[in-house]
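Asker: Sharing model_33.cif below, mmCIF, C-alpha atoms and all ligand atoms:
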data_protein
#
loop_
_atom_site.label_atom_id
_atom_site.label_comp_id
_atom_site.auth_asym_id
_atom_site.auth_seq_id
_atom_site.Cartn_x
_atom_site.Cartn_y
_atom_site.Cartn_z
CA MET H 1 -102.79 80.09 147.05
CA ALA H 2 -103.48 76.56 148.33
CA LEU H 3 -106.78 74.72 148.05
CA GLU H 4 -108.81 73.82 151.14
CA GLN H 5 -109.69 70.34 149.86
CA VAL H 6 -107.45 67.32 150.23
CA LEU H 7 -105.74 66.38 146.96
CA ARG H 8 -104.28 63.05 145.85
CA PRO H 9 -101.25 62.54 143.60
CA GLN H 10 -103.55 61.11 140.92
CA ASP H 11 -105.35 64.46 140.79
CA PHE H 12 -102.20 65.70 139.01
CA ALA H 13 -102.02 62.74 136.59
CA THR H 14 -102.95 63.11 132.92
CA GLU H 15 -104.17 60.37 130.59
CA VAL H 16 -101.30 60.83 128.16
CA HIS H 17 -99.68 57.51 127.20
CA ASN H 18 -96.38 57.01 129.05
CA ASP H 19 -93.60 55.52 126.93
CA TRP H 20 -90.73 55.35 129.41
CA CYS H 21 -89.01 51.94 129.64
CA PRO H 22 -90.22 49.60 132.41
CA GLY H 23 -88.25 50.17 135.62
CA CYS H 24 -87.05 53.64 134.60
CA GLY H 25 -86.22 55.91 137.54
CA ASP H 26 -88.23 58.67 135.86
CA PHE H 27 -91.41 57.06 137.20
CA GLY H 28 -90.34 57.73 140.78
CA ILE H 29 -89.61 61.40 140.05
CA LEU H 30 -92.93 61.85 138.25
CA ARG H 31 -94.79 60.30 141.17
CA THR H 32 -92.99 62.41 143.75
CA ILE H 33 -93.74 65.65 141.90
CA GLN H 34 -97.43 64.67 141.84
CA MET H 35 -97.23 63.72 145.54
CA ALA H 36 -95.59 67.04 146.40
CA LEU H 37 -98.17 69.12 144.52
CA ALA H 38 -100.98 67.18 146.20
CA GLU H 39 -99.40 67.55 149.64
CA MET H 40 -99.06 71.30 149.05
CA ARG H 41 -102.69 71.46 147.81
CA MET H 42 -101.54 73.40 144.80
CA GLU H 43 -104.04 74.67 142.28
CA SER H 44 -103.04 73.24 138.88
CA HIS H 45 -103.33 76.56 137.10
CA ARG H 46 -100.86 78.16 139.51
CA VAL H 47 -98.04 75.80 138.54
CA ALA H 48 -95.97 75.86 135.35
CA ILE H 49 -93.45 73.14 134.53
CA VAL H 50 -90.88 73.63 131.79
CA SER H 51 -88.68 70.91 130.29
CA GLY H 52 -85.98 70.63 127.63
CA ILE H 53 -85.36 67.53 125.49
CA GLY H 54 -84.73 63.99 126.69
CA CYS H 55 -86.59 61.16 128.42
CA SER H 56 -87.03 63.40 131.47
CA ALA H 57 -88.58 66.15 129.36
CA LYS H 58 -91.67 64.00 128.73
CA THR H 59 -92.60 64.40 132.40
CA ILE H 60 -94.55 67.58 131.75
CA HIS H 61 -97.03 65.64 129.57
CA TYR H 62 -97.91 63.41 132.52
CA ILE H 63 -98.60 66.16 135.09
CA LYS H 64 -101.80 68.17 135.11
CA THR H 65 -100.42 71.72 135.36
CA TYR H 66 -99.29 74.21 132.74
CA GLY H 67 -96.36 72.67 130.90
CA VAL H 68 -93.94 73.60 128.14
CA HIS H 69 -91.74 71.04 126.36
CA THR H 70 -89.15 73.36 124.89
CA LEU H 71 -85.76 73.14 123.15
CA HIS H 72 -82.70 71.06 123.98
CA GLY H 73 -80.77 72.74 126.80
CA ARG H 74 -83.09 75.75 126.85
CA ALA H 75 -85.49 74.82 129.63
CA LEU H 76 -83.92 77.24 132.13
CA PRO H 77 -84.13 80.42 130.04
CA TYR H 78 -87.69 79.52 129.10
CA ALA H 79 -88.60 78.90 132.75
CA THR H 80 -86.91 82.19 133.65
CA GLY H 81 -89.17 84.00 131.20
CA VAL H 82 -92.27 82.27 132.55
CA LYS H 83 -91.41 83.22 136.12
CA LEU H 84 -90.54 86.82 135.28
CA ALA H 85 -93.71 87.29 133.23
CA ASN H 86 -95.88 85.88 136.01
CA PRO H 87 -94.08 85.89 139.37
CA ASP H 88 -97.16 84.50 141.13
CA LEU H 89 -96.73 81.14 139.38
CA LYS H 90 -94.87 78.29 141.04
CA VAL H 91 -92.32 77.35 138.39
CA LEU H 92 -90.52 74.03 138.15
CA CYS H 93 -87.90 73.38 135.50
CA LEU H 94 -86.94 69.79 134.55
CA SER H 95 -83.91 68.56 132.61
CA GLY H 96 -81.87 65.46 132.13
CA ASP H 97 -78.17 65.60 133.03
CA GLY H 98 -77.24 65.80 129.32
CA ASP H 99 -79.85 68.46 128.58
CA GLY H 100 -79.10 70.58 131.65
CA LEU H 101 -75.34 70.18 132.09
CA GLY H 102 -74.26 69.60 128.48
CA ILE H 103 -75.92 71.91 125.98
CA GLY H 104 -77.65 73.80 128.80
CA GLY H 105 -74.50 74.24 130.92
CA GLY H 106 -74.20 77.97 130.36
CA HIS H 107 -77.79 78.53 131.41
CA PHE H 108 -77.15 76.42 134.52
CA VAL H 109 -74.45 78.85 135.65
CA ASN H 110 -76.44 82.00 134.90
CA ALA H 111 -79.59 80.75 136.63
CA GLY H 112 -77.51 80.44 139.80
CA ARG H 113 -76.37 84.05 139.54
CA ARG H 114 -79.94 85.37 139.40
CA ASN H 115 -81.54 83.63 142.39
CA LEU H 116 -84.91 83.42 140.68
CA ASP H 117 -87.56 81.90 142.95
CA MET H 118 -88.04 78.50 141.29
CA LEU H 119 -87.03 74.85 141.51
CA TYR H 120 -84.75 73.23 138.94
CA VAL H 121 -84.65 69.42 138.92
CA ILE H 122 -82.07 67.38 137.02
CA PHE H 123 -82.87 63.73 136.30
CA ASP H 124 -79.36 62.35 136.67
CA ASN H 125 -78.65 58.93 135.13
CA GLY H 126 -75.22 59.41 133.51
CA VAL H 127 -76.41 58.80 129.95
CA TYR H 128 -78.35 60.39 127.09
CA GLY H 129 -81.18 57.84 127.31
CA LEU H 130 -83.35 59.23 124.51
CA THR H 131 -80.56 58.87 121.95
CA LYS H 132 -79.33 55.36 122.89
CA GLY H 133 -77.14 55.90 125.93
CA GLN H 134 -74.16 58.08 124.99
CA ALA H 135 -72.06 59.28 127.97
CA SER H 136 -73.59 62.38 129.58
CA PRO H 137 -71.73 65.05 131.60
CA THR H 138 -72.27 63.20 134.91
CA LEU H 139 -70.76 59.86 133.83
CA LYS H 140 -67.42 59.33 135.58
CA LEU H 141 -64.11 59.12 133.76
CA GLY H 142 -63.18 55.60 132.62
CA VAL H 143 -66.64 54.14 133.22
CA GLN H 144 -68.07 51.94 130.47
CA THR H 145 -71.80 51.33 130.45
CA LYS H 146 -73.21 48.68 128.14
CA SER H 147 -74.20 51.42 125.69
CA LEU H 148 -70.59 52.62 125.17
CA ALA H 149 -68.09 51.10 122.76
CA HIS H 150 -65.18 52.34 124.92
CA PRO H 151 -64.75 53.63 128.49
CA ASN H 152 -65.82 57.24 128.98
CA ILE H 153 -62.95 59.52 127.90
CA ASN H 154 -64.25 62.63 129.71
CA ASP H 155 -64.35 63.31 133.42
CA ALA H 156 -67.68 64.08 135.05
CA VAL H 157 -69.22 67.35 136.14
CA ASN H 158 -70.22 67.40 139.80
CA PRO H 159 -73.71 69.00 139.70
CA ILE H 160 -73.68 69.90 143.41
CA TRP H 161 -70.33 71.68 143.09
CA LEU H 162 -71.40 73.48 139.96
CA ALA H 163 -74.68 74.63 141.51
CA LEU H 164 -72.88 75.95 144.59
CA ALA H 165 -70.25 77.71 142.51
CA ALA H 166 -72.96 79.27 140.33
CA GLY H 167 -74.75 80.68 143.38
CA ALA H 168 -77.80 78.44 143.86
CA THR H 169 -79.19 79.19 147.31
CA TRP H 170 -80.71 75.75 147.94
CA VAL H 171 -78.79 72.70 146.73
CA ALA H 172 -79.94 69.15 147.33
CA ARG H 173 -79.77 65.60 146.03
CA GLY H 174 -82.52 62.97 146.00
CA TYR H 175 -82.92 59.42 144.79
CA SER H 176 -85.82 58.38 142.59
CA TYR H 177 -86.50 55.14 144.50
CA ASP H 178 -86.79 56.89 147.88
CA VAL H 179 -90.06 58.57 147.04
CA LYS H 180 -91.02 59.95 150.47
CA HIS H 181 -87.64 61.57 150.95
CA LEU H 182 -87.70 62.91 147.40
CA ARG H 183 -91.25 64.25 147.87
CA ASP H 184 -90.08 66.15 150.96
CA LEU H 185 -87.11 67.57 149.05
CA ILE H 186 -89.35 68.73 146.20
CA ILE H 187 -91.69 70.46 148.66
CA GLU H 188 -88.74 72.11 150.40
CA GLY H 189 -87.28 73.19 147.05
CA ILE H 190 -90.57 74.71 145.91
CA GLU H 191 -90.99 76.51 149.22
CA HIS H 192 -87.42 77.80 149.27
CA LYS H 193 -87.17 81.56 148.76
CA GLY H 194 -84.77 81.73 145.81
CA TYR H 195 -83.21 79.44 143.24
CA ALA H 196 -83.37 75.81 144.32
CA PHE H 197 -81.41 73.09 142.55
CA LEU H 198 -82.21 69.39 143.04
CA ASP H 199 -80.05 66.65 141.54
CA VAL H 200 -82.00 63.37 141.44
CA LEU H 201 -80.12 60.10 140.99
CA GLN H 202 -82.26 58.15 138.57
CA PRO H 203 -81.34 54.70 137.24
CA CYS H 204 -81.67 54.17 133.49
CA PRO H 205 -81.99 50.36 133.34
CA THR H 206 -81.93 50.35 129.53
CA TYR H 207 -78.51 51.96 128.97
CA ASN H 208 -76.73 52.37 132.31
CA ASN H 209 -76.13 48.86 133.69
CA LEU H 210 -73.73 50.15 136.36
CA ASN H 211 -75.60 52.74 138.46
CA THR H 212 -78.68 50.57 138.89
CA LYS H 213 -81.29 50.30 141.62
CA ASP H 214 -79.38 47.29 143.02
CA TRP H 215 -76.11 49.22 142.92
CA TYR H 216 -77.56 52.20 144.80
CA GLY H 217 -79.22 49.75 147.19
CA GLY H 218 -75.91 47.97 147.87
CA GLU H 219 -77.02 44.51 146.68
CA ASP H 220 -73.44 43.88 145.49
CA HIS H 221 -72.01 45.29 148.70
CA LYS H 222 -73.04 43.12 151.66
CA ASP H 223 -71.98 43.01 155.31
CA ASP H 224 -70.71 39.86 157.01
CA LYS H 225 -74.29 38.79 157.74
CA GLY H 226 -75.16 38.98 154.05
CA ARG H 227 -77.24 42.16 154.34
CA ALA H 228 -77.09 44.73 151.57
CA MET H 229 -75.34 47.96 152.56
CA PRO H 230 -77.07 50.76 150.64
CA ARG H 231 -74.71 53.26 149.08
CA VAL H 232 -77.16 56.14 149.51
CA TYR H 233 -77.55 57.65 152.97
CA LYS H 234 -79.25 60.76 154.31
CA LEU H 235 -77.27 63.77 155.48
CA ALA H 236 -79.97 64.62 158.02
CA ASP H 237 -79.50 61.22 159.70
CA GLU H 238 -75.92 62.22 160.51
CA GLY H 239 -76.78 65.59 162.05
CA TYR H 240 -75.69 67.59 159.00
CA ASP H 241 -76.92 71.22 159.19
CA PRO H 242 -77.08 72.97 155.78
CA VAL H 243 -78.71 76.22 156.87
CA VAL H 244 -76.93 79.58 156.57
CA LYS H 245 -78.13 81.63 159.54
CA ASP H 246 -76.14 84.82 158.99
CA ALA H 247 -73.54 86.23 156.59
CA SER H 248 -70.64 84.76 158.55
CA ASP H 249 -72.14 81.31 157.95
CA VAL H 250 -71.94 81.44 154.14
CA GLU H 251 -68.34 80.32 153.75
CA PRO H 252 -68.30 77.47 156.31
CA LYS H 253 -71.66 76.11 155.12
CA ALA H 254 -70.61 76.27 151.45
CA THR H 255 -67.28 74.59 152.31
CA GLN H 256 -68.92 71.70 154.17
CA ALA H 257 -71.36 71.28 151.24
CA LEU H 258 -68.45 71.09 148.77
CA GLU H 259 -66.74 68.49 150.96
CA LYS H 260 -69.89 66.37 151.23
CA ALA H 261 -70.50 66.62 147.48
CA LEU H 262 -67.18 64.84 146.85
CA GLU H 263 -68.46 61.65 148.47
CA TRP H 264 -69.26 58.94 145.94
CA GLY H 265 -68.78 55.20 145.61
CA ASP H 266 -69.66 53.30 148.77
CA ARG H 267 -71.29 56.33 150.43
CA ILE H 268 -73.47 58.73 148.49
CA PRO H 269 -75.15 61.53 150.47
CA LEU H 270 -78.77 62.52 149.90
CA GLY H 271 -80.61 65.54 151.27
CA VAL H 272 -80.03 69.27 151.49
CA PHE H 273 -76.36 70.26 151.16
CA TYR H 274 -76.85 74.03 151.43
CA ARG H 275 -79.66 76.48 152.16
CA ASN H 276 -79.39 80.26 152.26
CA GLU H 277 -82.50 82.45 152.30
CA LEU H 278 -80.68 85.65 153.21
CA LEU H 279 -80.22 86.90 149.63
CA PRO H 280 -82.89 88.85 147.71
CA THR H 281 -84.53 86.99 144.86
CA PHE H 282 -84.30 88.24 141.28
CA GLU H 283 -87.98 89.23 141.45
CA GLU H 284 -87.29 91.35 144.55
CA ARG H 285 -84.42 93.08 142.79
CA ILE H 286 -86.63 93.86 139.79
CA ALA H 287 -89.41 95.15 142.05
CA LYS H 288 -86.93 97.61 143.55
CA ARG H 289 -86.28 99.07 140.11
CA VAL H 290 -89.84 98.76 138.81
CA PRO H 291 -92.18 99.43 141.75
CA THR H 292 -95.28 98.24 139.81
CA TYR H 293 -93.70 94.90 138.90
CA ARG H 294 -95.49 92.80 141.54
CA THR H 295 -98.88 94.45 141.07
CA HIS H 296 -98.70 94.66 137.28
CA PRO H 297 -96.34 91.94 136.02
CA PRO H 298 -96.18 91.46 132.25
CA ALA H 299 -98.58 88.48 132.27
CA ALA H 300 -101.27 90.56 134.00
CA GLN H 301 -101.18 93.44 131.53
CA PRO H 302 -103.89 93.61 128.86
CA ILE H 303 -102.58 93.26 125.33
CA ALA H 304 -105.92 93.93 123.60
CA SER H 305 -109.23 95.67 124.31
CA PRO H 306 -112.37 93.47 124.77
CA ASP H 307 -113.13 93.91 121.06
CA GLY H 308 -109.68 92.72 120.06
CA VAL H 309 -107.93 96.00 119.32
CA PRO H 310 -104.24 95.75 120.31
CA LEU H 311 -103.34 97.96 123.25
CA THR H 312 -99.62 97.65 122.80
CA ASP H 313 -97.92 100.23 120.65
CA LEU H 314 -94.31 99.55 119.87
CA THR H 315 -93.89 102.63 117.67
CA LYS H 316 -92.15 104.73 120.29
CA LEU H 317 -89.95 101.85 121.45
CA LEU H 318 -88.88 101.10 117.88
CA ARG H 319 -88.24 104.79 117.23
CA ASP H 320 -86.04 104.96 120.35
CA LEU H 321 -84.05 101.98 119.13
CA THR H 322 -83.39 103.41 115.72
CA ILE H 323 -79.72 104.17 115.06
CA PRO H 324 -79.46 107.42 113.15
CA ALA H 325 -77.69 107.20 109.79
CA THR H 326 -74.30 108.86 109.87
FE1 LIG F 1 -85.71 55.74 131.29
FE2 LIG F 1 -83.37 55.13 130.20
FE3 LIG F 1 -85.63 54.25 129.09
FE4 LIG F 1 -84.99 56.84 129.00
S1 LIG F 1 -83.86 55.15 128.02
S2 LIG F 1 -86.99 55.98 129.48
S3 LIG F 1 -83.97 57.17 130.99
S4 LIG F 1 -84.83 53.70 131.12
#
Show me this structure written as structure tokens.
Answerer:
Amino acid sequence: MALEQVLRPQDFATEVHNDWCPGCGDFGILRTIQMALAEMRMESHRVAIVSGIGCSAKTIHYIKTYGVHTLHGRALPYATGVKLANPDLKVLCLSGDGDGLGIGGGHFVNAGRRNLDMLYVIFDNGVYGLTKGQASPTLKLGVQTKSLAHPNINDAVNPIWLALAAGATWVARGYSYDVKHLRDLIIEGIEHKGYAFLDVLQPCPTYNNLNTKDWYGGEDHKDDKGRAMPRVYKLADEGYDPVVKDASDVEPKATQALEKALEWGDRIPLGVFYRNELLPTFEERIAKRVPTYRTHPPAAQPIASPDGVPLTDLTKLLRDLTIPAT
């Protein structure tokens, strides 16, 4: 349910001290989430944001909604539980690229298979910023940031490819310094019916001296008139259509998204790569099996009487689970 009154991004700001480094791309993502919630006139208590561990995970402390700062790599299963317990909540899940694609990689794949109705955002800067800049799963092979003693010995995961292969039904990429575009992507991801994955390119000026704001903006890459040629460009500006309109569209739209996701270097696409709202969500599949799920989800069920007497009785369940002695 949306509010009637106009909201401002600062209505979603907390007074918690922010300890990100100056110039960190995280600030842009934080601001755009607050802008998106204000634009959507969301009631704070109808939004839950779950994060793992890392610089990005601190975001939940700076946004005035429900928030859970959980374990390293475990933000997605926690967010899954939140959404299943209370399907009326808008759920956002936030991870860094190390948190979400390293230790949380298995959860990344399984979240795609479920098509839960929520938005997962990865703050993608190529390093583990919180622990002094080790190479993360999105740092390219052979690259050496100032925080590495040697060039990266591993090749990188392509988050867009992985999300498509896992089954995410909305896959997009934003850039933390293009706040209006990123705000629109966050709104679209929240409104998408199904599992939405958003990869956000986010400079870490403290440890990644290669993929900087100037690098993305093309300051080292000028035309013959001396003008910077930004590396990031928008798919929508080139007439790219990501929308699956019927079942026969799935393969060609997924194939063009995979092709676009390979672009890197002098041209880096931003925007929606793929959108398919034809599949049932996980909540819809559960509601088919449990007809009372939407009207009586777990979070809406009383667990105690008004005078505090527990209403849940696990005796029968435990008895059913007992394995008889042989
Ligand atoms: Fe941001 Fe990097 Fe500092 Fe972390 S270490 S707060 S990602 S600039």
Asker: Show me, as a list in words, the residues that have an atom within 9 Å of H:Ala254 when counting all atoms listed in the file, minus same-chain residues fewer than 6 positions from it.
Answerer: Leu164, Pro242, Val244, Phe273 and Tyr274 of chain H
Asker: Distance atom CA of H:Pro269-atom CA of H:Pro252, one decimal place?
Answerer: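 According to the coordinates, atom CA of H:Pro269 and atom CA of H:Pro252 are separated by 18.3 Å.
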Asker: Check every protein, DNA and RNA residue against ligand LIG 1 (chain F), keep those with an atom at most 9 Å away (counting only C-alpha atoms and all ligand atoms), and present them as an NGL selection string.
Answerer: :H and (19-27 or 54-56 or 96 or 123-125 or 127-133 or 202-208)
Asker: Using only C-alpha atoms, which residues sit within 10 Å of H:Gln301 once same-chain residues fewer than 6 positions away are excluded, as a PyMOL selection string?
Answerer: chain H and resi 85+295+311-312
Asker: List the neighbours of H:Asp88 out to 10 Å using all atoms listed in the file; skip same-chain residues closer than 6 positions along the sequence, and give me the result as a PyMOL selection string.
Answerer: chain H and resi 1+46-47+294+297+299
Asker: Pick out the residues sitting within 10 Å of stretch 111-117 of chain H, and hand them over as an MDAnalysis selection string; count all atoms listed in the file, and ignore anything fewer than 3 positions along from it in its own chain.
Answerer: chainID H and resid 76:77 79:80 83:84 87 89:92 106:108 120 162:170 189:197 279:285
